[in-house]
>>> print(open('query_14.cif').read())   # mmCIF, C-alpha atoms
data_structure
#
loop_
_atom_site.label_atom_id
_atom_site.label_comp_id
_atom_site.auth_asym_id
_atom_site.auth_seq_id
_atom_site.Cartn_x
_atom_site.Cartn_y
_atom_site.Cartn_z
CA MET A 1 106.48 130.46 92.04
CA ARG A 2 103.91 128.19 93.63
CA LEU A 3 102.92 128.73 97.22
CA GLY A 4 104.98 125.73 98.29
CA PHE A 5 105.07 121.97 97.97
CA ASP A 6 102.27 120.81 100.26
CA SER A 7 101.80 123.90 102.39
CA PRO A 8 102.09 127.66 101.79
CA ASP A 9 104.06 128.08 105.02
CA GLY A 10 107.34 128.78 103.18
CA ALA A 11 105.89 131.03 100.47
CA LEU A 12 107.05 134.29 102.01
CA VAL A 13 110.59 133.02 102.57
CA CYS A 14 110.69 131.76 98.97
CA ALA A 15 109.42 135.06 97.57
CA THR A 16 111.98 136.98 99.62
CA ALA A 17 114.77 134.75 98.34
CA LEU A 18 113.63 135.28 94.75
CA ALA A 19 113.56 139.06 95.17
CA GLU A 20 116.90 139.16 96.97
CA GLY A 21 118.33 136.91 94.27
CA GLY A 22 117.56 139.51 91.63
CA ALA A 23 114.08 138.68 90.35
CA ALA A 24 112.57 141.74 88.68
CA HIS A 25 109.02 140.38 89.06
CA ILE A 26 107.43 137.46 90.85
CA VAL A 27 104.50 135.53 89.45
CA VAL A 28 102.57 133.69 92.12
CA HIS A 29 100.67 130.64 90.94
CA ALA A 30 98.41 130.68 93.95
CA ARG A 31 98.48 126.97 94.70
CA THR A 32 100.91 124.47 96.16
CA LYS A 33 102.49 121.68 94.15
CA THR A 34 100.18 119.13 95.73
CA ASP A 35 97.17 121.33 94.88
CA GLY A 36 98.17 120.91 91.24
CA TYR A 37 95.56 122.76 89.19
CA LYS A 38 92.68 121.93 91.49
CA PRO A 39 90.49 124.93 92.33
CA PRO A 40 90.49 127.19 94.10
CA ALA A 41 93.57 129.32 93.58
CA HIS A 42 94.47 130.99 96.87
CA TRP A 43 94.64 134.60 95.66
CA GLU A 44 94.56 135.81 99.25
CA TRP A 45 98.25 134.85 99.51
CA ILE A 46 99.31 137.27 96.78
CA PRO A 47 99.08 140.46 98.91
CA ARG A 48 101.00 138.65 101.65
CA VAL A 49 103.78 137.96 99.14
CA GLN A 50 103.66 141.56 97.90
CA ASP A 51 104.06 142.79 101.48
CA VAL A 52 107.47 141.09 101.88
CA VAL A 53 109.09 142.01 98.54
CA LYS A 54 109.82 145.26 96.74
CA VAL A 55 109.31 143.88 93.22
CA PRO A 56 105.97 143.70 91.41
CA VAL A 57 103.95 140.56 92.12
CA PHE A 58 101.72 139.10 89.41
CA ALA A 59 98.71 136.91 90.17
CA ASN A 60 98.18 133.57 88.43
CA GLY A 61 95.76 130.68 88.74
CA ASP A 62 92.11 130.04 87.91
CA ILE A 63 91.68 133.06 85.65
CA TRP A 64 89.36 131.71 82.98
CA SER A 65 87.25 134.81 82.28
CA VAL A 66 87.00 138.57 82.73
CA GLU A 67 84.89 137.90 85.82
CA ASP A 68 87.66 135.71 87.27
CA TRP A 69 90.20 138.46 86.55
CA GLN A 70 88.00 140.99 88.36
CA ARG A 71 87.60 138.70 91.40
CA CYS A 72 91.33 137.98 91.40
CA ARG A 73 92.12 141.71 91.43
CA GLU A 74 89.66 142.30 94.27
CA ILE A 75 91.08 139.51 96.41
CA SER A 76 94.77 139.80 95.53
CA GLY A 77 95.11 143.51 94.93
CA ALA A 78 97.44 142.59 92.06
CA GLU A 79 97.41 145.00 89.14
CA ASP A 80 99.03 142.47 86.83
CA ILE A 81 98.33 138.84 86.07
CA MET A 82 99.80 135.96 84.14
CA LEU A 83 97.40 133.84 82.13
CA GLY A 84 97.96 130.14 81.63
CA ARG A 85 95.29 127.59 80.78
CA GLY A 86 92.65 130.33 80.68
CA LEU A 87 94.33 131.77 77.60
CA VAL A 88 94.51 128.35 75.97
CA ALA A 89 90.79 127.82 76.59
CA ARG A 90 89.85 131.35 75.53
CA PRO A 91 92.51 132.65 73.09
CA ASP A 92 91.23 136.22 73.27
CA LEU A 93 91.11 136.39 77.08
CA ALA A 94 94.00 138.86 77.29
CA LEU A 95 92.21 141.12 74.78
CA GLN A 96 88.98 140.85 76.76
CA ILE A 97 90.77 141.78 79.98
CA ALA A 98 92.52 144.70 78.27
CA ALA A 99 89.15 145.97 77.03
CA ALA A 100 87.58 145.61 80.48
CA ARG A 101 90.55 147.36 82.09
CA ALA A 102 90.17 150.25 79.61
CA GLY A 103 86.42 150.47 80.27
CA GLU A 104 85.63 149.34 76.74
CA GLU A 105 83.07 146.81 75.57
CA VAL A 106 84.28 143.24 75.93
CA VAL A 107 83.66 141.33 72.72
CA GLU A 108 84.31 137.61 72.75
CA MET A 109 86.03 135.87 69.84
CA THR A 110 83.62 133.75 67.86
CA TRP A 111 84.25 130.19 66.75
CA ALA A 112 84.53 131.46 63.16
CA GLN A 113 87.19 133.98 64.21
CA LEU A 114 89.11 131.21 65.96
CA GLN A 115 89.30 129.00 62.86
CA PRO A 116 92.43 130.59 61.29
CA MET A 117 94.27 130.08 64.59
CA LEU A 118 93.13 126.46 64.75
CA ARG A 119 94.29 125.80 61.21
CA ASP A 120 97.62 127.54 61.77
CA PHE A 121 98.14 125.50 64.95
CA TRP A 122 97.40 122.33 62.99
CA THR A 123 99.84 123.29 60.22
CA GLN A 124 102.58 123.97 62.76
CA SER A 125 101.83 120.76 64.67
CA VAL A 126 102.09 118.66 61.52
CA ALA A 127 105.35 120.38 60.54
CA GLN A 128 107.00 120.06 63.96
CA LEU A 129 105.63 116.87 65.48
CA THR A 130 105.47 113.25 64.43
CA GLU A 131 102.42 111.95 62.57
CA ARG A 132 101.39 110.24 65.78
CA GLN A 133 101.82 113.31 68.00
CA ALA A 134 100.20 116.00 65.84
CA PRO A 135 96.56 114.85 66.14
CA GLY A 136 96.93 114.46 69.90
CA ARG A 137 98.26 117.98 70.31
CA LEU A 138 95.30 119.41 68.38
CA LYS A 139 92.90 117.30 70.46
CA GLN A 140 94.46 118.67 73.65
CA TRP A 141 93.73 122.21 72.54
CA LEU A 142 90.23 121.30 71.41
CA ALA A 143 89.55 119.76 74.81
CA MET A 144 90.51 123.07 76.45
CA LEU A 145 88.38 125.02 73.97
CA THR A 146 85.31 122.98 74.96
CA ARG A 147 85.05 125.17 78.11
CA ASN A 148 83.93 128.11 75.95
CA TYR A 149 82.90 126.88 72.52
CA PRO A 150 80.08 124.36 71.95
CA GLU A 151 81.46 123.90 68.44
CA ALA A 152 84.69 122.60 69.97
CA VAL A 153 82.69 119.91 71.78
CA GLU A 154 81.23 118.76 68.47
CA LEU A 155 84.59 118.86 66.67
CA PHE A 156 86.36 117.08 69.52
CA THR A 157 83.73 114.32 69.42
CA LEU A 158 84.25 113.88 65.68
CA MET A 159 88.01 113.89 66.04
CA ARG A 160 88.38 111.96 69.28
CA ARG A 161 89.64 108.69 67.76
CA GLU A 162 90.96 110.13 64.48
CA THR A 163 94.66 109.64 63.74
CA ASP A 164 94.81 110.16 59.97
CA LEU A 165 96.42 113.54 59.24
CA GLU A 166 94.41 114.15 56.09
CA GLN A 167 91.12 113.37 57.81
CA VAL A 168 91.99 115.66 60.74
CA ALA A 169 92.81 118.43 58.26
CA ARG A 170 89.45 117.93 56.53
CA LEU A 171 87.61 118.04 59.85
CA ILE A 172 89.01 121.51 60.55
CA GLY A 173 88.20 122.71 57.05
CA MET A 174 91.58 122.38 55.40
CA PRO A 175 92.40 120.52 52.23
CA GLY A 176 93.41 117.12 53.52
CA ARG A 177 95.47 116.02 50.58
CA HIS A 178 99.12 115.62 51.44
CA ALA A 179 98.65 117.36 54.78
CA ARG A 180 102.18 116.63 56.02
CA SER A 181 103.97 117.66 52.83
CA MET A 182 101.92 120.89 52.64
CA ALA A 183 102.84 121.77 56.21
CA LEU A 184 106.51 121.08 55.62
CA GLN A 185 106.50 123.45 52.61
CA ASP A 186 105.18 126.41 54.67
#
>>> encode(input="query_14.cif", output="structure tokens")
Amino acid sequence: MRLGFDSPDGALVCATALAEGGAAHIVVHARTKTDGYKPPAHWEWIPRVQDVVKVPVFANGDIWSVEDWQRCREISGAEDIMLGRGLVARPDLALQIAAARAGEEVVEMTWAQLQPMLRDFWTQSVAQLTERQAPGRLKQWLAMLTRNYPEAVELFTLMRRETDLEQVARLIGMPGRHARSMALQD
């Protein structure tokens, strides 16, 4: 749930209704609808929600790094979180948080380690989307990756206006020949 439409005033009533309606968990995206995705997330509301329901409450919003997760836990008191855009921008964020939670060394995924995921995403996009949509979907992900990977900035710049499937495939290090037919065979 969000905290409300334009004010968090009804958040506690909404959370109560969800719990009484049978929700096993409640995820609080700590912003209102009118806040959209604009920072900051209001994690201070999460313990208020937890106080009025008997089901576990998960924190969500503005968790882009292990440091954000730690701050969110401190402010919200929530043991559990839901990742959204942070996981898109940093595909190993859940693994990093799990390592930090276990007291282990946090090792960030390198750009080279991300490449198989990028190529698989491209293959699936070409197979499932139209020729016009597939490059745009990859560019959306690349734009999110630019938060954490300088290489994504460079690749996004090269690909920004590209619409040819074979050229896009070549730019991400895949054989470009017959990109759509190869994807449909997989």
>>> closest_residue(input="query_14.cif", among="A:Ser65, A:Ser7, A:Asn60, A:Thr130", to="Lys33 of chain A", atoms="only C-alpha atoms")
A:Ser7
>>> closest_residue(input="query_14.cif", among="A:Leu114, A:Ala127, A:Met1, A:Val66", to="Gln96 of chain A", atoms="all atoms listed in the file")
A:Val66
>>> closest_residue(input="query_14.cif", among="A:Asp68, A:Asp51, A:Glu151, A:Glu166", to="Glu131 of chain A", atoms="only C-alpha atoms")
A:Glu166
>>> residues_around(input="query_14.cif", residues="Val168 of chain A", least_positions_apart="3", cutoff="12 Å", atoms="all atoms listed in the file", output="ChimeraX atom specification")
/A:118-119,122-123,125-126,131-132,134-139,155-156,158-165,171-180
>>> atom_distance(input="query_14.cif", atom1="atom CA of Val153 of chain A", atom2="atom CA of Trp141 of chain A")
11.3 Å
>>> atom_distance(input="query_14.cif", atom1="atom CA of Ala78 of chain A", atom2="atom CA of Ile46 of chain A")
7.4 Å
>>> resolve_selection(input="query_14.cif", expression="the PyMOL selection byres ((chain A and resi 73) around 12)", output="list in words")
Trp43, Glu44, Ile46, Pro47, Val57, Phe58, Ala59, Asn60, Gly61, Ile63, Val66, Glu67, Asp68, Trp69, Gln70, Arg71, Cys72, Glu74, Ile75, Ser76, Gly77, Ala78, Glu79, Asp80, Ile81, Ile97 and Arg101 of chain A
>>> decode(input="query_14.cif", residues="segment 1-47 of chain A", atoms="N, CA and C atoms", output="PDB file, in the first residue's frame")
ATOM      1  N   MET A   1       0.832  -1.177   0.000  1.00  0.00           N
ATOM      2  CA  MET A   1       0.000   0.000   0.000  1.00  0.00           C
ATOM      3  C   MET A   1       0.873   1.235   0.000  1.00  0.00           C
ATOM      4  N   ARG A   2       0.359   2.317  -0.558  1.00  0.00           N
ATOM      5  CA  ARG A   2       0.994   3.624  -0.392  1.00  0.00           C
ATOM      6  C   ARG A   2       0.420   4.252   0.875  1.00  0.00           C
ATOM      7  N   LEU A   3       0.977   5.342   1.271  1.00  0.00           N
ATOM      8  CA  LEU A   3       0.517   6.005   2.489  1.00  0.00           C
ATOM      9  C   LEU A   3      -0.815   6.719   2.300  1.00  0.00           C
ATOM     10  N   GLY A   4      -1.260   6.852   1.074  1.00  0.00           N
ATOM     11  CA  GLY A   4      -2.512   7.532   0.797  1.00  0.00           C
ATOM     12  C   GLY A   4      -2.446   8.154  -0.577  1.00  0.00           C
ATOM     13  N   PHE A   5      -3.445   8.957  -0.909  1.00  0.00           N
ATOM     14  CA  PHE A   5      -3.450   9.610  -2.210  1.00  0.00           C
ATOM     15  C   PHE A   5      -2.612  10.887  -2.179  1.00  0.00           C
ATOM     16  N   ASP A   6      -3.031  11.857  -1.381  1.00  0.00           N
ATOM     17  CA  ASP A   6      -2.261  13.100  -1.292  1.00  0.00           C
ATOM     18  C   ASP A   6      -1.862  13.429   0.141  1.00  0.00           C
ATOM     19  N   SER A   7      -2.217  12.542   1.056  1.00  0.00           N
ATOM     20  CA  SER A   7      -1.901  12.741   2.463  1.00  0.00           C
ATOM     21  C   SER A   7      -1.846  11.371   3.135  1.00  0.00           C
ATOM     22  N   PRO A   8      -0.971  11.190   4.116  1.00  0.00           N
ATOM     23  CA  PRO A   8      -0.916   9.904   4.815  1.00  0.00           C
ATOM     24  C   PRO A   8      -1.974   9.759   5.911  1.00  0.00           C
ATOM     25  N   ASP A   9      -2.871  10.710   6.011  1.00  0.00           N
ATOM     26  CA  ASP A   9      -3.846  10.709   7.102  1.00  0.00           C
ATOM     27  C   ASP A   9      -4.670   9.418   7.198  1.00  0.00           C
ATOM     28  N   GLY A  10      -4.953   8.774   6.082  1.00  0.00           N
ATOM     29  CA  GLY A  10      -5.767   7.557   6.106  1.00  0.00           C
ATOM     30  C   GLY A  10      -4.960   6.276   6.106  1.00  0.00           C
ATOM     31  N   ALA A  11      -3.653   6.367   6.213  1.00  0.00           N
ATOM     32  CA  ALA A  11      -2.795   5.179   6.094  1.00  0.00           C
ATOM     33  C   ALA A  11      -3.107   4.124   7.152  1.00  0.00           C
ATOM     34  N   LEU A  12      -3.340   4.538   8.362  1.00  0.00           N
ATOM     35  CA  LEU A  12      -3.569   3.568   9.437  1.00  0.00           C
ATOM     36  C   LEU A  12      -4.910   2.863   9.274  1.00  0.00           C
ATOM     37  N   VAL A  13      -5.909   3.592   8.819  1.00  0.00           N
ATOM     38  CA  VAL A  13      -7.226   2.997   8.550  1.00  0.00           C
ATOM     39  C   VAL A  13      -7.109   1.997   7.398  1.00  0.00           C
ATOM     40  N   CYS A  14      -6.373   2.371   6.368  1.00  0.00           N
ATOM     41  CA  CYS A  14      -6.175   1.484   5.213  1.00  0.00           C
ATOM     42  C   CYS A  14      -5.445   0.211   5.628  1.00  0.00           C
ATOM     43  N   ALA A  15      -4.376   0.355   6.391  1.00  0.00           N
ATOM     44  CA  ALA A  15      -3.615  -0.814   6.838  1.00  0.00           C
ATOM     45  C   ALA A  15      -4.484  -1.735   7.683  1.00  0.00           C
ATOM     46  N   THR A  16      -5.275  -1.152   8.561  1.00  0.00           N
ATOM     47  CA  THR A  16      -6.177  -1.949   9.399  1.00  0.00           C
ATOM     48  C   THR A  16      -7.167  -2.717   8.541  1.00  0.00           C
ATOM     49  N   ALA A  17      -7.727  -2.055   7.540  1.00  0.00           N
ATOM     50  CA  ALA A  17      -8.683  -2.712   6.646  1.00  0.00           C
ATOM     51  C   ALA A  17      -8.014  -3.869   5.894  1.00  0.00           C
ATOM     52  N   LEU A  18      -6.783  -3.653   5.441  1.00  0.00           N
ATOM     53  CA  LEU A  18      -6.067  -4.727   4.751  1.00  0.00           C
ATOM     54  C   LEU A  18      -5.861  -5.932   5.673  1.00  0.00           C
ATOM     55  N   ALA A  19      -5.420  -5.675   6.881  1.00  0.00           N
ATOM     56  CA  ALA A  19      -5.176  -6.768   7.825  1.00  0.00           C
ATOM     57  C   ALA A  19      -6.478  -7.477   8.192  1.00  0.00           C
ATOM     58  N   GLU A  20      -7.515  -6.713   8.461  1.00  0.00           N
ATOM     59  CA  GLU A  20      -8.809  -7.317   8.812  1.00  0.00           C
ATOM     60  C   GLU A  20      -9.424  -8.047   7.627  1.00  0.00           C
ATOM     61  N   GLY A  21      -9.054  -7.633   6.426  1.00  0.00           N
ATOM     62  CA  GLY A  21      -9.549  -8.291   5.218  1.00  0.00           C
ATOM     63  C   GLY A  21      -8.799  -9.566   4.872  1.00  0.00           C
ATOM     64  N   GLY A  22      -7.786  -9.902   5.653  1.00  0.00           N
ATOM     65  CA  GLY A  22      -7.100 -11.176   5.453  1.00  0.00           C
ATOM     66  C   GLY A  22      -5.684 -11.087   4.918  1.00  0.00           C
ATOM     67  N   ALA A  23      -5.139  -9.890   4.773  1.00  0.00           N
ATOM     68  CA  ALA A  23      -3.756  -9.777   4.291  1.00  0.00           C
ATOM     69  C   ALA A  23      -2.816 -10.474   5.267  1.00  0.00           C
ATOM     70  N   ALA A  24      -1.913 -11.286   4.738  1.00  0.00           N
ATOM     71  CA  ALA A  24      -0.943 -11.990   5.575  1.00  0.00           C
ATOM     72  C   ALA A  24       0.263 -11.107   5.880  1.00  0.00           C
ATOM     73  N   HIS A  25       0.538 -10.161   4.998  1.00  0.00           N
ATOM     74  CA  HIS A  25       1.636  -9.203   5.139  1.00  0.00           C
ATOM     75  C   HIS A  25       1.164  -7.897   4.523  1.00  0.00           C
ATOM     76  N   ILE A  26       1.792  -6.816   4.939  1.00  0.00           N
ATOM     77  CA  ILE A  26       1.515  -5.526   4.313  1.00  0.00           C
ATOM     78  C   ILE A  26       2.850  -4.904   3.939  1.00  0.00           C
ATOM     79  N   VAL A  27       2.966  -4.520   2.676  1.00  0.00           N
ATOM     80  CA  VAL A  27       4.143  -3.797   2.208  1.00  0.00           C
ATOM     81  C   VAL A  27       3.759  -2.334   2.127  1.00  0.00           C
ATOM     82  N   VAL A  28       4.523  -1.494   2.798  1.00  0.00           N
ATOM     83  CA  VAL A  28       4.239  -0.066   2.793  1.00  0.00           C
ATOM     84  C   VAL A  28       5.255   0.641   1.902  1.00  0.00           C
ATOM     85  N   HIS A  29       4.759   1.110   0.747  1.00  0.00           N
ATOM     86  CA  HIS A  29       5.571   1.988  -0.082  1.00  0.00           C
ATOM     87  C   HIS A  29       5.413   3.356   0.564  1.00  0.00           C
ATOM     88  N   ALA A  30       6.432   3.809   1.230  1.00  0.00           N
ATOM     89  CA  ALA A  30       6.317   4.930   2.158  1.00  0.00           C
ATOM     90  C   ALA A  30       6.222   6.296   1.476  1.00  0.00           C
ATOM     91  N   ARG A  31       5.280   6.391   0.565  1.00  0.00           N
ATOM     92  CA  ARG A  31       4.968   7.656  -0.103  1.00  0.00           C
ATOM     93  C   ARG A  31       3.479   7.659  -0.442  1.00  0.00           C
ATOM     94  N   THR A  32       2.951   8.835  -0.712  1.00  0.00           N
ATOM     95  CA  THR A  32       1.581   8.936  -1.195  1.00  0.00           C
ATOM     96  C   THR A  32       1.589   8.818  -2.720  1.00  0.00           C
ATOM     97  N   LYS A  33       0.414   8.702  -3.280  1.00  0.00           N
ATOM     98  CA  LYS A  33       0.286   8.649  -4.735  1.00  0.00           C
ATOM     99  C   LYS A  33       0.827   9.922  -5.362  1.00  0.00           C
ATOM    100  N   THR A  34       0.504  11.064  -4.790  1.00  0.00           N
ATOM    101  CA  THR A  34       0.982  12.322  -5.367  1.00  0.00           C
ATOM    102  C   THR A  34       2.491  12.508  -5.174  1.00  0.00           C
ATOM    103  N   ASP A  35       3.070  11.852  -4.177  1.00  0.00           N
ATOM    104  CA  ASP A  35       4.537  11.874  -4.038  1.00  0.00           C
ATOM    105  C   ASP A  35       5.193  11.162  -5.217  1.00  0.00           C
ATOM    106  N   GLY A  36       4.472  10.186  -5.785  1.00  0.00           N
ATOM    107  CA  GLY A  36       5.053   9.389  -6.865  1.00  0.00           C
ATOM    108  C   GLY A  36       6.279   8.647  -6.361  1.00  0.00           C
ATOM    109  N   TYR A  37       7.401   8.854  -7.040  1.00  0.00           N
ATOM    110  CA  TYR A  37       8.656   8.225  -6.627  1.00  0.00           C
ATOM    111  C   TYR A  37       9.652   9.271  -6.139  1.00  0.00           C
ATOM    112  N   LYS A  38       9.163  10.450  -5.875  1.00  0.00           N
ATOM    113  CA  LYS A  38      10.011  11.560  -5.460  1.00  0.00           C
ATOM    114  C   LYS A  38      10.519  11.325  -4.036  1.00  0.00           C
ATOM    115  N   PRO A  39      11.835  11.434  -3.833  1.00  0.00           N
ATOM    116  CA  PRO A  39      12.370  11.280  -2.479  1.00  0.00           C
ATOM    117  C   PRO A  39      11.893  12.430  -1.597  1.00  0.00           C
ATOM    118  N   PRO A  40      11.847  12.195  -0.326  1.00  0.00           N
ATOM    119  CA  PRO A  40      12.239  10.978   0.373  1.00  0.00           C
ATOM    120  C   PRO A  40      11.053  10.050   0.591  1.00  0.00           C
ATOM    121  N   ALA A  41      11.359   8.797   0.841  1.00  0.00           N
ATOM    122  CA  ALA A  41      10.335   7.867   1.323  1.00  0.00           C
ATOM    123  C   ALA A  41      10.160   8.177   2.817  1.00  0.00           C
ATOM    124  N   HIS A  42       8.951   8.091   3.289  1.00  0.00           N
ATOM    125  CA  HIS A  42       8.639   8.450   4.680  1.00  0.00           C
ATOM    126  C   HIS A  42       8.617   7.186   5.545  1.00  0.00           C
ATOM    127  N   TRP A  43       9.800   6.631   5.769  1.00  0.00           N
ATOM    128  CA  TRP A  43       9.942   5.379   6.526  1.00  0.00           C
ATOM    129  C   TRP A  43       9.427   5.508   7.956  1.00  0.00           C
ATOM    130  N   GLU A  44       9.341   6.721   8.460  1.00  0.00           N
ATOM    131  CA  GLU A  44       8.866   6.911   9.828  1.00  0.00           C
ATOM    132  C   GLU A  44       7.402   6.495   9.995  1.00  0.00           C
ATOM    133  N   TRP A  45       6.669   6.341   8.886  1.00  0.00           N
ATOM    134  CA  TRP A  45       5.283   5.887   8.959  1.00  0.00           C
ATOM    135  C   TRP A  45       5.179   4.380   9.143  1.00  0.00           C
ATOM    136  N   ILE A  46       6.198   3.647   8.799  1.00  0.00           N
ATOM    137  CA  ILE A  46       6.120   2.186   8.843  1.00  0.00           C
ATOM    138  C   ILE A  46       5.897   1.661  10.268  1.00  0.00           C
ATOM    139  N   PRO A  47       6.608   2.152  11.289  1.00  0.00           N
ATOM    140  CA  PRO A  47       6.291   1.655  12.639  1.00  0.00           C
ATOM    141  C   PRO A  47       4.883   2.050  13.104  1.00  0.00           C
TER     142      PRO A  47
END
